[in-house]
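Student: Structure supplied as input-v3.cif; contents: mmCIF, C-alpha atoms.
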data_my_file
loop_
_atom_site.label_atom_id
_atom_site.label_comp_id
_atom_site.auth_asym_id
_atom_site.auth_seq_id
_atom_site.Cartn_x
_atom_site.Cartn_y
_atom_site.Cartn_z
CA ILE G 5 18.72 32.92 10.21
CA PHE G 6 17.15 35.12 12.85
CA PHE G 7 15.94 34.02 16.25
CA GLY G 8 14.22 36.28 18.69
CA THR G 9 10.83 37.74 19.59
CA ASN G 10 8.56 39.84 17.43
CA ASN G 11 6.45 42.81 18.46
CA ILE G 12 3.80 40.64 20.13
CA GLY G 13 6.24 38.58 22.12
CA ASN G 14 6.19 35.30 20.16
CA ALA G 15 9.37 33.41 19.30
CA PHE G 16 10.15 32.84 15.63
CA LEU G 17 12.92 31.59 13.33
CA ASP G 18 13.16 32.98 9.78
CA THR G 19 15.31 32.21 6.74
CA GLN G 20 15.65 35.24 4.49
CA GLY G 21 15.36 34.60 0.74
CA ALA G 22 16.45 36.75 -2.16
CA GLY G 23 13.24 38.78 -1.91
CA GLY G 24 13.96 39.75 1.65
CA GLN G 25 11.15 37.67 3.19
CA ALA G 26 11.12 34.36 4.99
CA GLN G 27 10.90 31.10 3.09
CA ILE G 28 10.66 29.12 6.33
CA SER G 29 8.92 30.55 9.38
CA ILE G 30 8.73 28.90 12.81
CA GLY G 31 6.65 30.57 15.48
CA TYR G 32 3.24 32.12 16.04
CA ASN G 33 2.29 34.90 13.63
CA THR G 34 -0.63 36.08 15.80
CA PRO G 35 -1.24 36.08 19.57
CA LYS G 36 -1.93 32.51 20.62
CA SER G 37 -5.28 33.43 22.14
CA THR G 38 -6.76 34.81 18.90
CA GLY G 39 -7.71 32.38 16.15
CA SER G 40 -5.40 30.48 13.82
CA ASN G 41 -1.66 30.51 14.47
CA ARG G 42 0.71 29.06 11.89
CA VAL G 43 3.40 27.38 13.95
CA VAL G 44 5.48 26.23 10.95
CA THR G 45 5.17 27.62 7.42
CA ILE G 46 7.21 26.77 4.30
CA PHE G 47 6.85 28.99 1.21
CA ASN G 48 7.80 28.08 -2.36
CA ASN G 49 10.18 31.08 -2.62
CA ALA G 50 10.75 34.49 -1.14
CA THR G 51 9.10 36.40 -4.01
CA ASP G 52 5.52 35.21 -4.59
CA ARG G 53 5.27 33.58 -1.14
CA ALA G 54 2.82 30.78 -2.00
CA ARG G 55 2.45 28.48 1.00
CA MET G 56 3.50 24.86 0.39
CA PHE G 57 3.23 23.47 3.92
CA SER G 58 1.96 24.78 7.24
CA VAL G 59 1.08 23.60 10.73
CA SER G 60 -1.57 25.63 12.55
CA SER G 61 -2.88 25.71 16.09
CA GLN G 62 -6.28 27.09 17.06
CA GLY G 63 -6.80 29.01 20.30
CA THR G 64 -4.89 28.44 23.52
CA GLY G 65 -4.77 24.65 23.50
CA SER G 66 -8.41 23.63 23.49
CA GLY G 67 -8.87 24.16 19.75
CA SER G 68 -8.01 21.91 16.83
CA ASN G 69 -4.63 21.54 15.17
CA GLU G 70 -4.16 21.34 11.41
CA VAL G 71 -1.44 20.15 9.04
CA MET G 72 -1.84 21.44 5.47
CA PHE G 73 -0.06 20.87 2.18
CA GLU G 74 -1.08 23.79 -0.04
CA ASN G 75 -0.63 24.34 -3.78
CA SER G 76 1.47 21.19 -4.12
CA ASN G 77 1.32 17.43 -4.69
CA VAL G 78 2.53 15.10 -1.95
CA GLY G 79 4.57 12.03 -2.88
CA ILE G 80 5.30 9.04 -0.64
CA GLY G 81 7.74 6.63 -2.23
CA THR G 82 8.02 8.82 -5.34
CA THR G 83 9.82 12.04 -6.24
CA GLY G 84 7.28 12.89 -8.96
CA PRO G 85 3.77 12.83 -7.44
CA LEU G 86 1.06 13.06 -10.11
CA GLU G 87 -1.90 13.81 -7.83
CA ASN G 88 -2.58 15.63 -4.56
CA LEU G 89 -1.48 12.43 -2.80
CA HIS G 90 0.56 9.84 -4.67
CA VAL G 91 1.67 6.73 -2.75
CA LYS G 92 4.01 4.36 -4.60
CA GLU G 93 5.73 1.11 -3.74
CA SER G 94 7.42 -1.66 -5.73
CA PHE G 95 6.69 -4.60 -3.40
CA ASN G 96 5.69 -7.58 -5.55
CA SER G 97 2.65 -9.08 -3.79
CA ALA G 98 -0.99 -9.62 -4.69
CA LEU G 99 -1.86 -8.46 -1.14
CA ALA G 100 0.22 -5.28 -1.16
CA SER G 101 -1.58 -2.20 0.17
CA GLN G 102 -0.41 1.41 0.11
CA LEU G 103 -2.71 2.87 2.75
CA LEU G 104 -3.80 1.63 6.18
CA LEU G 105 -6.77 3.14 8.03
CA GLN G 106 -6.94 1.91 11.61
CA ASN G 107 -9.43 2.55 14.40
CA GLU G 108 -7.90 1.59 17.71
CA GLY G 109 -10.86 0.09 19.54
CA GLU G 110 -12.96 -3.00 20.15
CA GLY G 111 -16.69 -3.59 19.78
CA ASN G 112 -18.39 -2.14 16.71
CA HIS G 113 -15.61 0.30 15.88
CA ALA G 114 -15.06 1.16 12.24
CA ALA G 115 -12.50 2.58 9.83
CA GLY G 116 -13.27 3.99 6.41
CA ILE G 117 -13.10 6.67 3.80
CA ALA G 118 -15.70 9.27 2.80
CA PHE G 119 -16.31 11.00 -0.55
CA GLN G 120 -17.59 14.51 -1.28
CA VAL G 121 -17.88 16.71 -4.35
CA SER G 122 -18.90 20.28 -3.52
CA GLY G 123 -18.31 23.89 -4.50
CA SER G 124 -16.56 26.57 -2.49
CA SER G 125 -19.93 27.94 -1.30
CA GLU G 126 -21.08 24.53 -0.01
CA ASN G 127 -18.87 24.19 3.04
CA ASN G 128 -21.78 22.96 5.17
CA LEU G 129 -22.31 19.78 3.13
CA GLY G 130 -21.44 16.46 4.70
CA PRO G 131 -19.85 13.61 2.71
CA LYS G 132 -22.46 11.86 0.56
CA ALA G 133 -20.78 8.48 0.06
CA GLY G 134 -18.34 6.26 1.88
CA ILE G 135 -16.76 2.84 2.27
CA ILE G 136 -16.67 1.67 5.88
CA TYR G 137 -15.16 -1.44 7.44
CA GLU G 138 -16.98 -2.28 10.70
CA ARG G 139 -15.64 -4.74 13.22
CA THR G 140 -18.37 -7.26 14.09
CA PHE G 141 -16.37 -10.18 15.51
CA ILE G 142 -13.26 -10.81 17.61
CA ASP G 143 -9.78 -10.54 16.11
CA GLY G 144 -10.84 -7.50 14.07
CA ARG G 145 -13.07 -9.42 11.66
CA GLY G 146 -16.09 -7.62 10.26
CA ASP G 147 -18.12 -6.38 7.30
CA LEU G 148 -17.27 -4.03 4.45
CA LYS G 149 -20.13 -1.55 3.87
CA PHE G 150 -20.82 0.80 0.96
CA TYR G 151 -22.86 3.99 1.47
CA ASN G 152 -24.42 6.41 -1.03
CA ARG G 153 -26.89 9.03 0.20
CA GLY G 154 -30.03 9.65 -1.85
CA SER G 155 -31.85 12.22 0.29
CA ILE G 156 -31.63 15.94 -0.51
CA GLY G 157 -30.03 18.21 2.09
CA PRO G 158 -26.68 19.07 3.66
CA THR G 159 -26.50 15.99 5.90
CA GLY G 160 -23.82 13.44 5.11
CA PHE G 161 -24.43 9.72 4.67
CA GLU G 162 -26.01 7.85 7.56
CA ALA G 163 -26.68 4.25 8.59
CA GLY G 164 -29.82 4.12 6.43
CA ASP G 165 -27.80 4.99 3.31
CA GLU G 166 -26.04 1.62 3.20
CA ARG G 167 -26.39 0.19 -0.34
CA MET G 168 -24.21 -2.91 -0.28
CA ARG G 169 -22.42 -5.07 2.27
CA ILE G 170 -19.82 -7.82 2.02
CA THR G 171 -19.70 -9.94 5.16
CA ASN G 172 -16.59 -11.62 6.50
CA SER G 173 -18.04 -14.96 5.34
CA GLY G 174 -18.15 -13.74 1.73
CA ASN G 175 -21.90 -13.09 1.41
CA VAL G 176 -22.90 -10.03 -0.59
CA GLY G 177 -26.03 -8.10 0.28
CA ILE G 178 -27.72 -5.39 -1.80
CA GLY G 179 -30.62 -3.73 -0.03
CA THR G 180 -30.02 -5.79 3.11
CA THR G 181 -27.56 -5.56 6.01
CA GLY G 182 -27.75 -9.29 6.76
CA PRO G 183 -27.19 -11.34 3.59
CA THR G 184 -27.63 -15.07 4.21
CA ASN G 185 -26.57 -16.25 0.72
CA ARG G 186 -23.63 -15.61 -1.59
CA LEU G 187 -25.76 -12.94 -3.28
CA TYR G 188 -28.82 -11.58 -1.54
CA VAL G 189 -30.75 -8.82 -3.32
CA LYS G 190 -33.70 -7.27 -1.50
CA GLN G 191 -36.17 -4.63 -2.68
CA ALA G 192 -37.11 -2.32 0.16
CA THR G 193 -40.58 -1.53 -1.21
CA ASP G 194 -43.16 -3.44 -3.25
CA LEU G 195 -42.43 -2.04 -6.70
CA ASN G 196 -43.15 -3.41 -10.15
CA ASP G 197 -39.75 -2.61 -11.66
CA GLY G 198 -38.10 -5.78 -10.33
CA ILE G 199 -34.76 -6.17 -8.61
CA LEU G 200 -32.69 -7.76 -11.38
CA THR G 201 -32.49 -6.96 -15.09
CA VAL G 202 -30.39 -8.94 -17.58
CA THR G 203 -30.10 -7.67 -21.15
CA SER G 204 -28.34 -9.02 -24.21
CA SER G 205 -28.09 -8.05 -27.89
CA GLY G 206 -28.14 -11.69 -28.97
CA PHE G 207 -29.58 -15.02 -27.90
CA HIS G 208 -28.18 -15.63 -24.47
CA SER G 209 -29.45 -17.12 -21.25
CA VAL G 210 -29.00 -16.91 -17.52
CA TYR G 211 -27.55 -20.19 -16.34
CA ILE G 212 -28.09 -21.44 -12.79
CA GLN G 213 -26.30 -24.51 -11.49
CA GLY G 214 -26.07 -26.26 -8.17
CA ASN G 215 -24.30 -29.40 -7.01
CA ASN G 216 -25.89 -31.98 -4.74
CA VAL G 217 -24.00 -33.64 -1.94
CA ASP G 218 -23.61 -36.78 -4.05
CA GLY G 219 -21.84 -34.83 -6.80
CA SER G 220 -24.82 -34.76 -9.14
CA TYR G 221 -25.95 -31.57 -10.80
CA ILE G 222 -29.19 -29.66 -10.93
CA GLY G 223 -29.68 -26.45 -12.84
CA GLY G 224 -31.51 -24.61 -15.52
CA ASN G 225 -31.53 -21.85 -18.11
CA LEU G 226 -33.64 -18.72 -18.35
CA ASN G 227 -33.43 -18.03 -22.08
CA SER G 228 -33.67 -14.66 -23.73
CA ASP G 229 -36.62 -15.91 -25.84
CA GLY G 230 -38.69 -16.25 -22.66
CA ASN G 231 -38.39 -20.02 -22.28
CA VAL G 232 -37.34 -21.58 -19.00
CA ASP G 233 -35.38 -24.84 -19.10
CA VAL G 234 -35.04 -26.67 -15.80
CA ARG G 235 -33.00 -29.87 -15.71
CA PRO G 236 -33.04 -32.16 -12.67
CA PRO G 237 -30.08 -34.47 -11.99
CA SER G 238 -31.59 -37.34 -14.03
CA LEU G 239 -31.61 -35.19 -17.20
CA ALA G 240 -28.36 -33.31 -16.68
CA SER G 241 -25.88 -33.58 -19.51
#
Could you write out this structure as structure tokens?

Tutor:
Amino acid sequence: IFFGTNNIGNAFLDTQGAGGQAQISIGYNTPKSTGSNRVVTIFNNATDRARMFSVSSQGTGSGSNEVMFENSNVGIGTTGPLENLHVKESFNSALASQLLLQNEGEGNHAAGIAFQVSGSSENNLGPKAGIIYERTFIDGRGDLKFYNRGSIGPTGFEAGDERMRITNSGNVGIGTTGPTNRLYVKQATDLNDGILTVTSSGFHSVYIQGNNVDGSYIGGNLNSDGNVDVRPPSLAS
């Protein structure tokens, strides 16, 4: 272990491996005023020197800071991570969650996750899809919103790219941000292709049922042969 200053006056701490180079480095490897500085770096070994973990600082304090796991999988709760991030727990509960995303704020603050698939030459592309939870009421209650951008261009998803919403009351909206029923499907433009298609390889029907306040039933079938069967309470079986 060596502690001291290098030729540009920055403090560092090195552990020398069999190859004669550091496997763990603590300290700035460039002057702090010029670009990226790796404050902490851990290499896989002293021979091929592939970075496994590093903490970087940009500029003299006004820039961004970065924590990177490179060329390795990260496991939380497991010693054998199978993906880039593998979170595991054995808590037996139907409400168990392995990841919490929190936005510390009131009003219409939101927390969510974004998705992007892009090549190495497409660094300017924004995320094209996302799942966002927006607070709309007190006590942190709100709506779960699903986004998927359809427009061409580098811009990521925006408010107009919302495709589906589940409100805190349980209503589901497709094509609308304010569903007033359990399922509310809205076509944005007047098209002839419809908003709902049901297909079947055999003789099946779409069955609709409702219950009146007195417990009686009203409903009907939309059959695959094109016939519509509507049964009021007096004819319900």

Student: Which residues, named as in the file, does the PyMOL selection byres ((chain G and resi 162) around 10) pick out? Answer as a PyMOL selection string.

Tutor: chain G and resi 131-134+151-153+159-161+163-166

Student: Tell me, counting only C-alpha atoms, for each residue of stretch 109-186 of chain G within 12 Å of stretch 92-104 of chain G, which pair of atoms is nearest and how far apart they are in Å to one decimal, in rows ordered by chain and increasing number, as CSV.

Tutor:
residue,atom,partner,partner_atom,distance
G:Ala115,CA,G:Leu104,CA,9.5
G:Gly116,CA,G:Leu104,CA,9.8
G:Ile117,CA,G:Leu104,CA,10.8
G:Tyr137,CA,G:Leu104,CA,11.8

Student: Which value, in Å to one decimal, gives the distance between atom CA of G:Asn185 and atom CA of G:Ser173?

Tutor: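 Spanning atom CA of G:Asn185 to atom CA of G:Ser173 is a straight-line distance of 9.8 Å.
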
Student: Can you measure atom CA of G:Ala192 to atom CA of G:Met168 for me? One decimal in Å is fine.

Tutor: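 Atom-to-atom, atom CA of G:Ala192 to atom CA of G:Met168, that is 12.9 Å.
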
Student: Between atom CA of G:Thr45 and atom CA of G:Ser58, what is the distance, to one decimal in Å?

Tutor: 4.3 Å

Student: Could you list the residues chosen by the PyMOL selection byres ((chain G and resi 187) around 9) in this structure as JSON, numbers by chain?

Tutor: {"G": [175, 176, 177, 178, 183, 184, 185, 186, 188, 189]}

Student: Which residues, named as in the file, does the PyMOL selection byres ((chain G and resi 78) around 6) pick out? Answer as a ChimeraX atom specification.

Tutor: /G:77,79,88-89

Student: Do a neighbour search on G:Ile142 at 12 Å with only C-alpha atoms, toss out local chain neighbours closer than 6 positions, and write the hits as number ranges by chain.

Tutor: G: 109-113, 172

Student: If we count all atoms listed in the file, what is near G:Phe73 at a cut-off of 7 Å, once residues fewer than 2 positions away on the same chain are taken out, given as a list in words?

Tutor: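 Non-adjacent residues within range: Met56, Phe57, Ser58, Asn75 and Ser76 of chain G.
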